[in-house]
Each structure stands twice: as C-alpha cells, then as structure tokens.
Amino acid sequence: MAESKTKKQPRVVVFSTPSCPWCTRVKSYLRQKGVIFKDVDVSRDRRAAEDMVRRTGQQGVPVVLIGHKAIVGFDKPKIDKYLGL
C-alpha cells in the first residue's frame, strides 16, 4: 500500500482570552498556516483554565497545545516545529 503524502495534523488547542492581543496573533498565525484548532476561552471556562495550569504550571495565555506538547506564549519556531511546518 502506498503511504499518504499528507501527514495527519496533531490535535491543536489554543487556550486564550478575548482581551489578550497575543492570543489573537497566535490564532491568526495558525489560520494563515491552514491549521485547524479548537479555541478555548479560559476566562469563561474555569475547568479549562484549571486544566491549562495543571498541564503547564502557567496562568498566562496564550497556551497552544499541539498533541501532548504545550507551548506557552506565541513561539512561532516551536509551533512550526511541533506542526512540522
């Protein structure tokens, strides 16, 4: 069987808040790259906020979860690396 050339994208979740300018930037960047992601507003979802802190030890946003790797802040090189861009 021939192997598919397109690699399946890992699950991407962005923990953000509406008032965070870096959150807006990271989501715009992901959209530009054609990355499908779930946006979680931690200002409205306390459970998600607790989950984010448990995973990263950080309360700041944005946090980008790519597969099982968490990136705190808008770190383009890490985002590209983990997504294979």
# chains A, B, ... in the order shown; residues from 1 in each chain; ligands from 1

call {"tool": "residues_around", "arguments": {"residues": "Gly60 in chain A", "least_positions_apart": "4", "cutoff": "10 Å", "atoms": "only C-alpha atoms", "output": "ChimeraX atom specification"}}
result
/A:15-17,20,49,52-53,56,72-73

call {"tool": "closest_residue", "arguments": {"among": "A:Trp22, A:Gly67, A:Arg55, A:Val61", "to": "Phe37 in chain A", "atoms": "only C-alpha atoms"}}
result
A:Gly67

call {"tool": "residues_around", "arguments": {"residues": "range 11-14 of chain A", "least_positions_apart": "4", "cutoff": "9 Å", "atoms": "only C-alpha atoms", "output": "PyMOL selection string"}}
result
chain A and resi 23+26-27+35-41+61-68

call {"tool": "closest_residue", "arguments": {"among": "A:Leu85, A:Pro21, A:Arg54, A:Arg46", "to": "Ala70 in chain A", "atoms": "only C-alpha atoms"}}
result
A:Arg54

call {"tool": "select_by_dssp", "arguments": {"residues": "chain A", "states": "strand (DSSP E)", "output": "JSON, numbers by chain"}}
result
{"A": [12, 13, 14, 15, 16, 38, 39, 40, 41, 63, 64, 65, 66, 69, 70, 71, 72]}

call {"tool": "select_by_dssp", "arguments": {"residues": "chain A", "states": "alpha helix (DSSP H)", "output": "NGL selection string"}}
result
:A and (21-32 or 46-56 or 76-83)

call {"tool": "closest_residue", "arguments": {"among": "A:Pro77, A:Ile71, A:Glu50, A:Gln9", "to": "Gly34 in chain A", "atoms": "only C-alpha atoms"}}
result
A:Gln9
